[in-house]
Every structure is written in C-alpha cells, then in structure tokens.
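This is input01.txt. It holds compact mmCIF, C-alpha atoms.
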```txt
# COMPACT_ATOMS: atom_id res chain seq x y z
CA MET A 1 -175.16 -83.77 -60.65
CA ILE A 2 -173.11 -81.00 -58.99
CA LYS A 3 -172.40 -77.37 -59.69
CA LEU A 4 -169.04 -75.94 -58.57
CA LYS A 5 -168.63 -72.26 -57.76
CA LEU A 6 -166.61 -69.79 -55.71
CA ASP A 7 -168.76 -67.67 -53.43
CA PHE A 8 -167.52 -64.86 -51.17
CA THR A 9 -169.79 -62.98 -48.80
CA CYS A 10 -169.44 -61.10 -45.57
CA ASN A 11 -171.08 -62.03 -42.34
CA LEU A 12 -171.17 -58.68 -40.61
CA CYS A 13 -169.78 -56.05 -42.92
CA LEU A 14 -172.18 -55.14 -45.74
CA SER A 15 -169.46 -53.32 -47.67
CA CYS A 16 -167.63 -56.63 -48.19
CA VAL A 17 -170.87 -58.27 -49.34
CA VAL A 18 -171.68 -55.76 -52.02
CA ALA A 19 -168.09 -55.42 -53.21
CA LEU A 20 -168.26 -58.97 -54.57
CA SER A 21 -171.94 -59.82 -54.76
CA LEU A 22 -173.85 -56.81 -56.06
CA SER A 23 -176.39 -57.28 -58.82
CA GLY A 24 -179.66 -55.65 -57.84
CA ALA A 25 -183.22 -56.14 -59.04
CA VAL A 26 -183.33 -55.85 -62.83
CA ALA A 27 -186.14 -56.91 -65.16
CA ALA A 28 -185.44 -60.25 -66.78
CA ALA A 29 -186.05 -58.87 -70.24
CA GLU A 30 -183.47 -56.12 -69.86
CA SER A 31 -180.24 -56.58 -71.81
CA LEU A 32 -177.40 -56.55 -69.29
CA PRO A 33 -173.76 -55.68 -70.02
CA LYS A 34 -171.11 -58.33 -69.41
CA ALA A 35 -169.14 -56.17 -66.97
CA GLU A 36 -169.81 -53.20 -64.68
CA LEU A 37 -167.68 -51.19 -62.26
CA GLY A 38 -168.80 -48.94 -59.45
CA ILE A 39 -168.03 -47.38 -56.09
CA GLY A 40 -170.02 -47.30 -52.87
CA LEU A 41 -170.16 -46.20 -49.26
CA ALA A 42 -171.25 -48.40 -46.36
CA SER A 43 -172.02 -47.63 -42.74
CA GLN A 44 -172.39 -50.28 -40.04
CA TYR A 45 -173.28 -50.58 -36.37
CA LEU A 46 -171.18 -53.44 -35.03
CA GLY A 47 -170.39 -54.90 -31.62
CA ASP A 48 -166.76 -55.34 -30.58
CA TYR A 49 -167.34 -59.12 -30.66
CA ARG A 50 -170.30 -61.48 -30.28
CA GLY A 51 -171.35 -61.23 -26.63
CA SER A 52 -170.04 -57.71 -26.08
CA ASP A 53 -172.31 -54.88 -24.92
CA GLU A 54 -170.00 -52.31 -26.49
CA ALA A 55 -170.62 -51.36 -30.12
CA ARG A 56 -169.45 -48.70 -32.58
CA VAL A 57 -170.49 -47.10 -35.86
CA TYR A 58 -168.17 -47.20 -38.88
CA ALA A 59 -168.28 -45.92 -42.45
CA LEU A 60 -166.01 -46.95 -45.32
CA PRO A 61 -165.91 -46.86 -49.14
CA PHE A 62 -165.75 -50.02 -51.26
CA PRO A 63 -165.36 -51.06 -54.92
CA ILE A 64 -168.14 -52.84 -56.84
CA LEU A 65 -167.52 -55.44 -59.56
CA ILE A 66 -170.10 -57.24 -61.70
CA TYR A 67 -169.05 -59.73 -64.39
CA ARG A 68 -171.52 -61.88 -66.35
CA GLY A 69 -169.33 -64.27 -68.33
CA GLU A 70 -170.35 -67.65 -69.70
CA ILE A 71 -167.98 -69.54 -67.37
CA VAL A 72 -166.99 -67.09 -64.59
CA GLN A 73 -169.46 -64.65 -63.06
CA ALA A 74 -169.42 -62.05 -60.29
CA ASP A 75 -172.84 -60.82 -59.14
CA ARG A 76 -175.19 -61.00 -56.15
CA SER A 77 -174.41 -64.72 -55.78
CA GLY A 78 -170.66 -64.15 -55.48
CA ILE A 79 -167.70 -64.89 -57.73
CA ARG A 80 -168.10 -68.33 -59.24
CA GLY A 81 -167.18 -70.75 -61.98
CA ARG A 82 -170.26 -72.21 -63.63
CA PHE A 83 -169.84 -75.99 -63.84
CA SER A 84 -173.55 -76.73 -63.67
CA ILE A 85 -174.86 -80.28 -63.70
CA SER A 86 -177.88 -79.98 -61.38
CA GLU A 87 -180.17 -77.15 -60.36
CA ASN A 88 -180.78 -78.66 -56.93
CA VAL A 89 -177.29 -79.36 -55.53
CA GLU A 90 -174.13 -77.28 -55.74
CA PHE A 91 -170.65 -77.52 -54.24
CA THR A 92 -169.06 -74.17 -53.44
CA ILE A 93 -165.89 -72.71 -52.01
CA SER A 94 -167.41 -70.12 -49.71
CA GLY A 95 -165.97 -67.35 -47.59
CA GLU A 96 -166.91 -64.64 -45.13
CA ALA A 97 -165.16 -61.68 -43.57
CA ALA A 98 -165.82 -59.94 -40.25
CA LEU A 99 -164.25 -56.63 -39.31
CA ASN A 100 -162.98 -56.14 -35.77
CA GLY A 101 -165.47 -53.88 -34.02
CA GLY A 102 -162.85 -52.00 -32.00
CA SER A 103 -161.77 -54.33 -29.18
CA LYS A 104 -158.76 -52.09 -28.43
CA ASN A 105 -161.06 -49.78 -26.43
CA ASN A 106 -163.31 -52.49 -25.00
CA LYS A 107 -163.56 -52.31 -21.20
CA MET A 108 -164.00 -56.06 -20.71
CA ARG A 109 -160.79 -56.72 -22.69
CA ALA A 110 -158.74 -53.90 -21.15
CA GLY A 111 -155.05 -54.85 -21.23
CA MET A 112 -155.67 -57.90 -23.43
CA THR A 113 -154.45 -58.50 -26.97
CA GLU A 114 -156.53 -56.62 -29.55
CA LEU A 115 -158.79 -58.74 -31.76
CA ASP A 116 -157.98 -58.58 -35.48
CA SER A 117 -160.43 -58.75 -38.36
CA ALA A 118 -161.20 -62.32 -39.43
CA PHE A 119 -161.43 -64.07 -42.78
CA GLU A 120 -163.06 -67.49 -43.33
CA ILE A 121 -162.85 -69.81 -46.32
CA GLY A 122 -163.84 -73.43 -46.97
CA PRO A 123 -166.12 -75.86 -48.81
CA ALA A 124 -169.92 -75.86 -48.66
CA VAL A 125 -172.72 -78.01 -50.02
CA ASN A 126 -175.94 -76.18 -50.92
CA ILE A 127 -179.26 -77.93 -51.53
CA ASN A 128 -182.20 -76.33 -53.29
CA LEU A 129 -185.30 -77.19 -51.22
CA THR A 130 -188.08 -75.60 -53.26
CA GLY A 131 -187.46 -76.72 -56.83
CA GLU A 132 -186.78 -73.13 -57.88
CA SER A 133 -183.33 -71.68 -58.57
CA PHE A 134 -180.85 -70.80 -55.82
CA ASP A 135 -181.78 -67.13 -56.42
CA SER A 136 -185.41 -67.71 -55.36
CA GLY A 137 -187.05 -69.74 -52.60
CA TRP A 138 -185.52 -71.88 -49.86
CA ALA A 139 -182.06 -73.48 -49.82
CA LEU A 140 -180.07 -75.42 -47.20
CA ARG A 141 -176.43 -74.29 -47.01
CA LEU A 142 -173.75 -76.33 -45.18
CA PRO A 143 -170.40 -74.49 -45.06
CA VAL A 144 -167.33 -75.56 -43.07
CA ARG A 145 -164.49 -73.03 -42.97
CA ALA A 146 -160.98 -72.36 -41.73
CA VAL A 147 -160.71 -69.00 -39.97
CA PHE A 148 -157.77 -66.57 -40.11
CA ALA A 149 -157.15 -63.40 -38.12
CA VAL A 150 -155.77 -60.72 -40.45
CA SER A 151 -153.76 -57.61 -39.54
CA PHE A 152 -151.52 -55.33 -41.57
CA ASP A 153 -148.42 -57.39 -40.75
CA ASN A 154 -149.69 -60.89 -39.96
CA ILE A 155 -152.16 -63.65 -40.89
CA GLU A 156 -152.87 -66.19 -38.13
CA HIS A 157 -154.98 -69.36 -38.34
CA ILE A 158 -157.43 -69.28 -35.41
CA GLY A 159 -159.51 -72.41 -35.92
CA TYR A 160 -162.56 -73.74 -37.76
CA ASN A 161 -166.30 -73.25 -37.75
CA ALA A 162 -169.42 -74.78 -39.29
CA ASN A 163 -172.49 -72.73 -40.18
CA PRO A 164 -175.52 -74.77 -41.36
CA LYS A 165 -178.33 -72.42 -42.36
CA LEU A 166 -181.60 -72.04 -44.23
CA THR A 167 -181.72 -69.22 -46.78
CA TYR A 168 -184.84 -67.76 -48.36
CA ARG A 169 -184.58 -65.37 -51.33
CA LYS A 170 -187.39 -63.32 -52.87
CA PRO A 171 -186.27 -61.42 -56.02
CA ASN A 172 -189.27 -59.04 -55.97
CA LEU A 173 -190.37 -58.85 -52.36
CA TRP A 174 -191.93 -55.39 -52.61
CA GLN A 175 -191.65 -52.59 -55.17
CA GLU A 176 -188.70 -54.40 -56.84
CA TRP A 177 -186.83 -54.71 -53.54
CA GLU A 178 -184.97 -58.03 -53.33
CA GLY A 179 -185.36 -59.73 -49.95
CA LYS A 180 -183.29 -62.40 -48.22
CA LEU A 181 -183.61 -64.25 -44.90
CA ASP A 182 -180.92 -66.42 -43.27
CA VAL A 183 -181.55 -68.57 -40.19
CA GLY A 184 -178.67 -70.67 -38.93
CA PHE A 185 -176.51 -72.18 -36.20
CA LEU A 186 -172.78 -71.99 -35.52
CA TRP A 187 -170.30 -74.57 -34.18
CA ALA A 188 -166.61 -73.81 -33.74
CA SER A 189 -163.32 -75.39 -32.71
CA GLU A 190 -161.60 -74.83 -29.37
CA GLN A 191 -158.96 -72.65 -31.03
CA TYR A 192 -161.62 -70.37 -32.52
CA HIS A 193 -163.48 -69.89 -29.23
CA ASP A 194 -160.16 -69.48 -27.42
CA TYR A 195 -159.27 -66.50 -29.63
CA TYR A 196 -162.38 -64.55 -28.62
CA TYR A 197 -163.40 -65.77 -25.16
CA SER A 198 -160.46 -67.29 -23.25
CA VAL A 199 -158.61 -65.37 -20.51
CA ALA A 200 -154.96 -66.38 -20.25
CA PRO A 201 -153.16 -66.26 -16.84
CA GLU A 202 -151.30 -63.06 -17.76
CA PHE A 203 -154.63 -61.26 -18.34
CA VAL A 204 -156.32 -62.32 -15.09
CA THR A 205 -157.55 -59.49 -12.84
CA ASP A 206 -159.70 -59.23 -9.71
CA THR A 207 -162.81 -59.02 -11.89
CA ARG A 208 -161.63 -61.18 -14.82
CA PRO A 209 -160.78 -64.76 -13.78
CA PHE A 210 -158.87 -67.33 -15.81
CA TYR A 211 -161.01 -69.00 -18.47
CA ARG A 212 -160.32 -71.64 -21.10
CA ALA A 213 -162.86 -71.89 -23.91
CA LYS A 214 -163.85 -75.24 -25.41
CA ALA A 215 -165.09 -76.40 -28.80
CA GLY A 216 -168.82 -76.70 -29.40
CA TYR A 217 -172.03 -74.82 -30.04
CA SER A 218 -171.44 -71.15 -30.89
CA GLY A 219 -174.97 -69.72 -31.01
CA ALA A 220 -177.90 -69.26 -33.38
CA TYR A 221 -178.63 -66.30 -35.62
CA SER A 222 -181.04 -64.78 -38.10
CA LYS A 223 -180.37 -62.08 -40.69
CA ILE A 224 -182.66 -60.15 -43.00
CA SER A 225 -181.35 -58.26 -46.03
CA MET A 226 -182.92 -56.02 -48.66
CA LYS A 227 -181.49 -54.34 -51.76
CA LYS A 228 -182.71 -52.49 -54.80
CA ARG A 229 -181.25 -50.95 -57.95
CA TRP A 230 -182.39 -47.91 -59.94
CA GLN A 231 -180.42 -47.84 -63.21
CA ASN A 232 -176.88 -46.92 -62.03
CA LEU A 233 -177.77 -46.43 -58.35
CA TRP A 234 -178.02 -49.16 -55.70
CA VAL A 235 -178.96 -49.37 -52.00
CA GLY A 236 -178.76 -52.29 -49.58
CA TRP A 237 -179.52 -52.88 -45.89
CA ASN A 238 -179.27 -55.78 -43.45
CA LEU A 239 -179.99 -56.56 -39.81
CA ARG A 240 -178.53 -59.52 -37.90
CA TYR A 241 -179.40 -60.97 -34.48
CA ASP A 242 -177.39 -63.66 -32.62
CA ASN A 243 -178.64 -65.57 -29.57
CA LEU A 244 -175.73 -66.91 -27.49
CA ALA A 245 -177.69 -68.24 -24.49
CA ALA A 246 -176.55 -71.87 -24.80
CA ALA A 247 -173.18 -71.25 -26.43
CA GLU A 248 -170.20 -73.24 -25.13
CA PHE A 249 -168.48 -70.00 -24.04
CA SER A 250 -171.55 -68.43 -22.36
CA ASP A 251 -169.79 -68.55 -18.95
CA SER A 252 -166.70 -66.66 -20.19
CA PRO A 253 -165.88 -63.55 -18.09
CA LEU A 254 -165.71 -61.65 -21.41
CA MET A 255 -169.41 -62.31 -22.09
CA GLU A 256 -171.71 -59.41 -21.25
CA THR A 257 -174.90 -60.36 -23.09
CA ASN A 258 -176.52 -63.30 -24.84
CA HIS A 259 -178.08 -60.97 -27.42
CA TYR A 260 -176.01 -59.53 -30.25
CA PHE A 261 -177.20 -57.15 -32.97
CA SER A 262 -175.51 -55.64 -36.02
CA THR A 263 -176.87 -53.63 -38.94
CA SER A 264 -175.45 -52.14 -42.15
CA LEU A 265 -176.57 -49.66 -44.80
CA ALA A 266 -174.80 -49.18 -48.13
CA PHE A 267 -175.15 -47.07 -51.28
CA GLY A 268 -173.50 -47.73 -54.63
CA TRP A 269 -173.07 -46.00 -57.99
CA MET A 270 -172.14 -47.89 -61.18
CA PHE A 271 -170.00 -45.55 -63.29
CA TRP A 272 -168.87 -47.90 -66.11
CA GLN A 273 -170.45 -50.62 -68.26
CA SER A 274 -168.92 -52.75 -71.00
CA ARG A 275 -170.41 -52.48 -74.50
CA ASP A 276 -171.00 -56.23 -74.89
```
In structure tokens, how does this file's structure come out?
Amino acid sequence: MIKLKLDFTCNLCLSCVVALSLSGAVAAAESLPKAELGIGLASQYLGDYRGSDEARVYALPFPILIYRGEIVQADRSGIRGRFSISENVEFTISGEAALNGGSKNNKMRAGMTELDSAFEIGPAVNINLTGESFDSGWALRLPVRAVFAVSFDNIEHIGYNANPKLTYRKPNLWQEWEGKLDVGFLWASEQYHDYYYSVAPEFVTDTRPFYRAKAGYSGAYSKISMKKRWQNLWVGWNLRYDNLAAAEFSDSPLMETNHYFSTSLAFGWMFWQSRD
C-alpha cells in the first residue's frame, strides 16, 4: 500500500532545508510538543552554477517550523500528510530550491542574462530498501520535477529534471549526530539545459561561440549531511560534490570545470513550544 506526503527540501541551500525539515536528534522516550517555532542563520559556499569555477559565500537568516500533528507534520522529513498504508513504499510531492550563486558578476557569462534562483516541484516514488523506516537505513528515491526560475517580478518555467538517488540515514551516527548520505544522478530536458548552458547568437563573442544545449544526462552527485540538537539549539552542515564529466552540456563554452562543490553550515534556536 502507498503513503502520500508533501516533502520540500533544498538541493544547495541549507537554510531552505532546515526552514521546513528541522527536527534534530531527540531521545525516543522524550515527550515532544506538537509545535515549535525558531529562527536560524545559515552560511553557504556556492558556485555561480554547476560547472562554474567562480563561487561566493553567502549568509542569510531563516524561519524554523516544526509541527507534529496526527495527519499533517512538518519535521526533518518535510511537510507531509500522513496517509500511510505501507512502510516500504511512499508517493510524495517533492520539491527543491537552489539559490542563484551570483551569475551577474560571472566572467564566463559577462553580458548575458542573469540566472535567477530556481524552484522545483513534482511527484516522487520512494522505496524502503532495508526494511527499516524511511528515517533510518537505505531508500531509493525517484523524483521527477518541473523547474521554475523565480525573481522578484517573474516566475518562468525552464524545463524538467529527474533525480534518481539512493539515500542512507543514520539517526545516531556519532554522539547523537544524525547523518545522511545521498548518491544520485540527474537527467534534464533541453529547456532546462538551455537555461544554464546555451549561448544565443546575441551573446556570441570571440571567446564564447554559439551553443545549443540538448536534453540528456546532467551529471552525478553525492552529498553528506550532519545535524544535531541540544535542547533549544540546533546545528547542521552539508557538503555536496557533482561530477559533470559525461554531462550532455560538457562541451558548452560556459563550462569551466567538471567538478562542482558546495557546502553549508547553519545554526538554529527554538524560542517557542506549544503546551500540548
């Protein structure tokens, strides 16, 4: 049988992850409140786009919401409706967000249209591979999403992607630190690759030839994450690596490297708890 839930995470920006999926390592026997509110600060080192050698450091505040209702919940697994029929298969509506790393000042894209932050949403099927819960052990996750570029005055659909991945979770990896490992592959539509890697005729220069991106393989990646909670305080960290060596757009004139790294560090403080 199938479990339906809504799950929102963030691919590159840890602040978006914890804003909707913070829970932390808490002893099972501890009585938890139904709702909690908090505030946090995240810092990230992020490339201008996958394949760019130019990267920047950002810091930003974020809100934290935890809700442990009988039907709807918001915690480290996302915001979801609990329609549970099986512990081994679930159907989700999943999403990710990726902040623009600062392409306005990128040398390879000089004179080109600035890249906006992106938001993805779509269905996913998740399969529990270990017989344990989705919060512990291995799971296969198969999301397919529509992607939108978002600015202050516009939302533009820029294609689709698919992101099959294996996820391993360890609630108490070390000293009550919760650990997570993701290993996956990306495929994307022509429109999606075109947004990031094509060079239109009006942007051609002596060193930047015309290029038209195609649909296909978009690289492989791995990401490790750790987080821990001490009463009302929380800390989380992640590190992501993408290998773009065989990606469909690897010959784009906007590509500088086949190796892409990003990392984030966040701190949170829970200042309110419900009485029930």
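Computed from the coordinates, the atom CA of Val199 of chain A to atom CA of Ala149 of chain A distance equals 17.8 Å.
Nearest residue to Ile39 of chain A among A:Gly268, A:Gly159, A:Pro143, A:Pro201 is A:Gly268, counting only C-alpha atoms.
The interatomic distance for the pair atom CA of Pro164 of chain A and atom CA of Phe185 of chain A works out to 5.9 Å.
Shortest atom-to-atom contact with Glu36 of chain A among A:Ala59, A:Asn106, A:Ala139, A:Tyr67: A:Tyr67, counting only C-alpha atoms.
Contact shell of Asn258 of chain A at 9 Å (only C-alpha atoms; same-chain neighbours under 4 positions omitted): Arg50, Gly51, Ser52, Asp242, Asn243, Leu244, Ala245, Ala246, Ala247 and Ser250 of chain A.
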